[in-house]
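Undergrad: My structure is below; once you've seen it, I'll send some questions.
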Amino acid sequence: MRSALAQPSVSIVLPTHNELRNLKLLIPQIVSRLKNKSIEVIVVDDASTDGSKPWLLKQSKNNGVVIPIFGNKLLGIGKALKRGYSQAKGDCIVSIDADLSFDSKIIPKLVSEVKQGYDLVLASRHTVGGYYEAKTWDIKRKRLISYLSNLILRTLIPIGVSDFSANCRAMKKSLWRKLVLHEKTNIWLIEMIVASAIGGARIRELPVSFIDRRFGISKLRLGREIVSSGYRVVGLVVRYWINRLKKNLTIE
């Protein structure tokens with residue numbers, strides 16, 4: 001058991017809602033992958049009804065690694081991640097989906113790139129070497145929309161990023177402290193990248209494999225997100241270009 005009093009060097013943030021079966025697999029994987037580092041696993045659980053809360057409380061009591069944060073209602077992934085990031089004590093903060101869509105083996109790679117000097121390291125499903133599993137027509141539709149949306153974004157925001165919307169990333173805590181983010185939904189993930197680029201952060205991408213979840217159901221309602229969030233994405237694009245023109249940003 002790790003000491004709850006030890007200062008972690010890496011904080012892993014997991015936003016969750018009814019992901020108990022996945023958490024029981026993912027958290028031990030994370031601990032094993034980062035066994036040579038001092039870590040904390042911050043689980044931001046909002047309104048779960050599958051027994052996640054008592055299980056997380058038990059893990060927190062028995063294992064100083066697990067730090068649960070509970071909410072009484074769903075406030076959006078952006079809001080959940082912001083709460084987790086804000087509580088993180090590690091110099092490197094990692095966030096990843098809790099549904100096992102991303103293999104936890106990517107986490108040490110993300111951390112390593114931050115330790116080598118990058119401010120923000122993103123895992124990409126759409127870069128060379130990346131993979132997006134799609135076994136059904138519904139998932140194929142989501143993959144196509146994800147690819148086209150990110151293609152548009154990387155054209156309008158040319159900072160060398162091919163996947164703006166994957167919640168699989170790591171950043172320096174020093175960068176996080178500088179960011180002021182306002183979004184509450186998945187758009188928060190895009191806003192983080194835009195704000196980091198505006199601030200001159202060193203950004204790096206790594207290829208990652210994305211597989212369909214084993215347990216539970218997806219919380220993303222793709223059509224609703226596109227309709228309700230499109231204008232906010234346009235606002236982020238405008239924000240990027242205004243600041244680029246003002247500051248003559250150097251794009252790495």
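Labels for the structure tokens follow display order: chains A, B, ..., residues from 1 in each chain, ligands from 1.
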List the neighbours of Asp91 (chain A) out to 6 Å using only C-alpha atoms; skip same-chain residues closer than 5 positions along the sequence, and give me the result as a list in words.
TA: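 Contacts, with the query itself left out: Ser9, Lys172 and Lys173 of chain A.
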Undergrad: Taking 5 positions as the minimum chain separation for residues in the same chain, which residues sit within 9 Å of region 26-35 of chain A when counting only C-alpha atoms? Answer as a ChimeraX atom specification.
TA: /A:10,12,21,40-41,65-66,98-100,104-105,107-108
Undergrad: Have a look at CA of Phe102 (chain A) and CA of Ser196 (chain A) and let me know their distance in Å, one decimal.
TA: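 Separation of CA of Phe102 (chain A) and CA of Ser196 (chain A): 23.0 Å.
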Undergrad: Tell me, as a ChimeraX atom specification, which residues lie within 12 Å of region 199-201 of chain A, counting only C-alpha atoms; anything in the same chain fewer than 4 positions away does not count.
TA: /A:114,117-121,159,171-172,174-180,192-195,240,243-244,247-252
Undergrad: Suppose you want the space between CA of Gly130 (chain A) and CA of Leu236 (chain A); what is it in Å?
TA: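 Answer for the CA of Gly130 (chain A) to CA of Leu236 (chain A) separation: 25.4 Å.
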Undergrad: Just how far from CA of Gly160 (chain A) is CA of Glu205 (chain A), in Å to one decimal?
TA: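 Pair CA of Glu205 (chain A) / CA of Gly160 (chain A) returns 8.3 Å.
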Undergrad: Taking the backbone alone, and naming residues the way the document does, which bits of region 147-231 of chain A are strand (DSSP E) by DSSP, as a list of chain:residue names?
TA: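 Filtering region 147-231 of chain A down to strand (DSSP E) leaves A:Cys168, A:Arg169, A:Ala170, A:Met171, A:Lys172, A:Ile203, A:Arg204, A:Glu205, A:Leu206, A:Pro207, A:Ser209, A:Phe210.
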Undergrad: Taking the backbone alone, and naming residues the way the document does, which bits of region 5-203 of chain A are helix (DSSP H, G or I) by DSSP, as a PyMOL selection string?
TA: chain A and resi 20-33+52-62+77-87+106-115+137-156+173-176+187-198
Undergrad: For the residues in that selection, give me C-alpha atoms as a JSON list (two decimals), in the first residue's frame.
TA:
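To be explicit, this is the file written out as again.json:
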```
[["chain", "number", "residue", "atom", "x", "y", "z"],
["A", 20, "LEU", "CA", -17.91, 0.46, -11.46],
["A", 21, "ARG", "CA", -17.13, -2.67, -13.50],
["A", 22, "ASN", "CA", -14.56, -0.75, -15.52],
["A", 23, "LEU", "CA", -13.03, 0.99, -12.49],
["A", 24, "LYS", "CA", -12.40, -2.36, -10.81],
["A", 25, "LEU", "CA", -10.17, -3.25, -13.75],
["A", 26, "LEU", "CA", -8.71, 0.13, -14.64],
["A", 27, "ILE", "CA", -7.47, 1.34, -11.26],
["A", 28, "PRO", "CA", -5.33, -1.77, -10.57],
["A", 29, "GLN", "CA", -3.96, -1.47, -14.12],
["A", 30, "ILE", "CA", -2.95, 2.15, -13.51],
["A", 31, "VAL", "CA", -1.28, 1.30, -10.20],
["A", 32, "SER", "CA", 0.64, -1.52, -11.88],
["A", 33, "ARG", "CA", 1.68, 0.59, -14.90],
["A", 52, "SER", "CA", -19.46, 3.10, -7.35],
["A", 53, "LYS", "CA", -19.64, 5.40, -4.32],
["A", 54, "PRO", "CA", -19.35, 2.76, -1.54],
["A", 55, "TRP", "CA", -16.69, 0.89, -3.51],
["A", 56, "LEU", "CA", -14.63, 4.05, -4.04],
["A", 57, "LEU", "CA", -14.96, 5.03, -0.38],
["A", 58, "LYS", "CA", -13.68, 1.59, 0.59],
["A", 59, "GLN", "CA", -10.74, 1.89, -1.81],
["A", 60, "SER", "CA", -9.93, 5.33, -0.46],
["A", 61, "LYS", "CA", -9.91, 4.00, 3.10],
["A", 62, "ASN", "CA", -7.80, 0.95, 2.32],
["A", 77, "ILE", "CA", -17.22, 15.92, -18.46],
["A", 78, "GLY", "CA", -15.54, 19.33, -18.60],
["A", 79, "LYS", "CA", -16.85, 20.25, -15.18],
["A", 80, "ALA", "CA", -15.81, 16.87, -13.79],
["A", 81, "LEU", "CA", -12.30, 17.10, -15.22],
["A", 82, "LYS", "CA", -11.88, 20.65, -13.96],
["A", 83, "ARG", "CA", -12.72, 19.52, -10.42],
["A", 84, "GLY", "CA", -10.25, 16.67, -10.67],
["A", 85, "TYR", "CA", -7.45, 18.74, -12.18],
["A", 86, "SER", "CA", -7.93, 21.42, -9.55],
["A", 87, "GLN", "CA", -7.43, 18.92, -6.74],
["A", 106, "ILE", "CA", -0.42, 4.77, -22.88],
["A", 107, "ILE", "CA", -0.25, 6.50, -19.49],
["A", 108, "PRO", "CA", 3.49, 5.95, -18.79],
["A", 109, "LYS", "CA", 4.23, 7.17, -22.34],
["A", 110, "LEU", "CA", 2.26, 10.35, -21.78],
["A", 111, "VAL", "CA", 4.00, 10.95, -18.46],
["A", 112, "SER", "CA", 7.42, 10.33, -20.00],
["A", 113, "GLU", "CA", 6.85, 12.98, -22.68],
["A", 114, "VAL", "CA", 5.84, 15.53, -20.03],
["A", 115, "LYS", "CA", 8.94, 14.69, -18.03],
["A", 137, "TRP", "CA", -22.46, 0.75, -38.02],
["A", 138, "ASP", "CA", -23.26, 3.05, -35.12],
["A", 139, "ILE", "CA", -19.62, 3.14, -34.03],
["A", 140, "LYS", "CA", -18.48, 3.55, -37.64],
["A", 141, "ARG", "CA", -20.75, 6.59, -37.87],
["A", 142, "LYS", "CA", -19.23, 8.04, -34.70],
["A", 143, "ARG", "CA", -15.72, 7.34, -36.00],
["A", 144, "LEU", "CA", -16.47, 9.13, -39.27],
["A", 145, "ILE", "CA", -17.93, 12.15, -37.48],
["A", 146, "SER", "CA", -14.96, 12.20, -35.09],
["A", 147, "TYR", "CA", -12.50, 12.05, -37.99],
["A", 148, "LEU", "CA", -14.24, 14.75, -40.03],
["A", 149, "SER", "CA", -14.73, 17.04, -37.03],
["A", 150, "ASN", "CA", -11.08, 16.77, -36.08],
["A", 151, "LEU", "CA", -10.02, 17.25, -39.70],
["A", 152, "ILE", "CA", -11.92, 20.53, -39.76],
["A", 153, "LEU", "CA", -10.46, 21.57, -36.41],
["A", 154, "ARG", "CA", -6.87, 20.83, -37.38],
["A", 155, "THR", "CA", -7.41, 22.84, -40.57],
["A", 156, "LEU", "CA", -8.89, 25.83, -38.75],
["A", 173, "LYS", "CA", 0.60, 21.22, -13.47],
["A", 174, "SER", "CA", 2.38, 24.53, -14.06],
["A", 175, "LEU", "CA", 0.48, 24.86, -17.36],
["A", 176, "TRP", "CA", -2.83, 23.93, -15.75],
["A", 187, "ILE", "CA", -15.84, 21.14, -25.69],
["A", 188, "TRP", "CA", -13.70, 21.67, -22.56],
["A", 189, "LEU", "CA", -11.19, 19.24, -24.06],
["A", 190, "ILE", "CA", -10.88, 21.40, -27.17],
["A", 191, "GLU", "CA", -10.77, 24.60, -25.14],
["A", 192, "MET", "CA", -7.84, 23.22, -23.11],
["A", 193, "ILE", "CA", -5.80, 22.69, -26.28],
["A", 194, "VAL", "CA", -6.66, 26.09, -27.75],
["A", 195, "ALA", "CA", -5.87, 27.90, -24.50],
["A", 196, "SER", "CA", -2.58, 26.00, -24.18],
["A", 197, "ALA", "CA", -1.57, 26.91, -27.75],
["A", 198, "ILE", "CA", -2.44, 30.56, -27.17]]
```
Undergrad: Taking only C-alpha atoms into account, which of A:Arg169, A:Val237, A:Gly76, A:Gly230 comes nearest Glu183 (chain A)?
TA: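 Checking each candidate against Glu183 (chain A), we get A:Gly76 as the closest.
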Undergrad: Check the smallest atom-to-atom distance from each of A:Arg202, A:Arg239, A:Arg232, A:Lys184 to Ile157 (chain A) using only C-alpha atoms, then report the winner.
TA: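 Distance minimum relative to Ile157 (chain A) lands on A:Arg239.
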Undergrad: If you count only C-alpha atoms, which residues fall within 8 Å of Asn18 (chain A), apart from same-chain ones fewer than 4 positions away, as a list in words?
TA: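 The residues satisfying every condition are Ala47, Ser48, Thr49, Asp50, Gly51, Ser52 and Gly216 of chain A.
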Undergrad: With N, CA and C atoms retained, write the just-selected residues as a PDB file, in the first residue's frame.
TA:
```pdb
ATOM      1  N   ALA A  47     -23.108  11.206  -9.605  1.00  0.00           N
ATOM      2  CA  ALA A  47     -24.461  10.628  -9.593  1.00  0.00           C
ATOM      3  C   ALA A  47     -24.531   9.166 -10.031  1.00  0.00           C
ATOM      4  N   SER A  48     -23.516   8.383  -9.730  1.00  0.00           N
ATOM      5  CA  SER A  48     -23.560   6.963 -10.091  1.00  0.00           C
ATOM      6  C   SER A  48     -24.576   6.219  -9.221  1.00  0.00           C
ATOM      7  N   THR A  49     -25.218   5.239  -9.819  1.00  0.00           N
ATOM      8  CA  THR A  49     -26.208   4.429  -9.102  1.00  0.00           C
ATOM      9  C   THR A  49     -25.860   2.945  -9.143  1.00  0.00           C
ATOM     10  N   ASP A  50     -24.617   2.629  -9.527  1.00  0.00           N
ATOM     11  CA  ASP A  50     -24.220   1.226  -9.702  1.00  0.00           C
ATOM     12  C   ASP A  50     -23.346   0.706  -8.566  1.00  0.00           C
ATOM     13  N   GLY A  51     -23.295   1.430  -7.448  1.00  0.00           N
ATOM     14  CA  GLY A  51     -22.463   1.005  -6.325  1.00  0.00           C
ATOM     15  C   GLY A  51     -21.063   1.582  -6.348  1.00  0.00           C
ATOM     16  N   SER A  52     -20.799   2.505  -7.258  1.00  0.00           N
ATOM     17  CA  SER A  52     -19.461   3.098  -7.352  1.00  0.00           C
ATOM     18  C   SER A  52     -19.054   3.817  -6.069  1.00  0.00           C
ATOM     19  N   GLY A 216     -21.076  -1.303 -19.706  1.00  0.00           N
ATOM     20  CA  GLY A 216     -21.787  -0.041 -19.609  1.00  0.00           C
ATOM     21  C   GLY A 216     -22.133   0.527 -20.972  1.00  0.00           C
TER      22      GLY A 216
END
```
Undergrad: Counting only C-alpha atoms, which of A:Ser95, A:Asn72, A:Asn167, A:Ser209 gets nearest to Ala134 (chain A)?
TA: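 Nearest candidate to Ala134 (chain A) out of A:Ser95, A:Asn72, A:Asn167, A:Ser209: A:Ser209.
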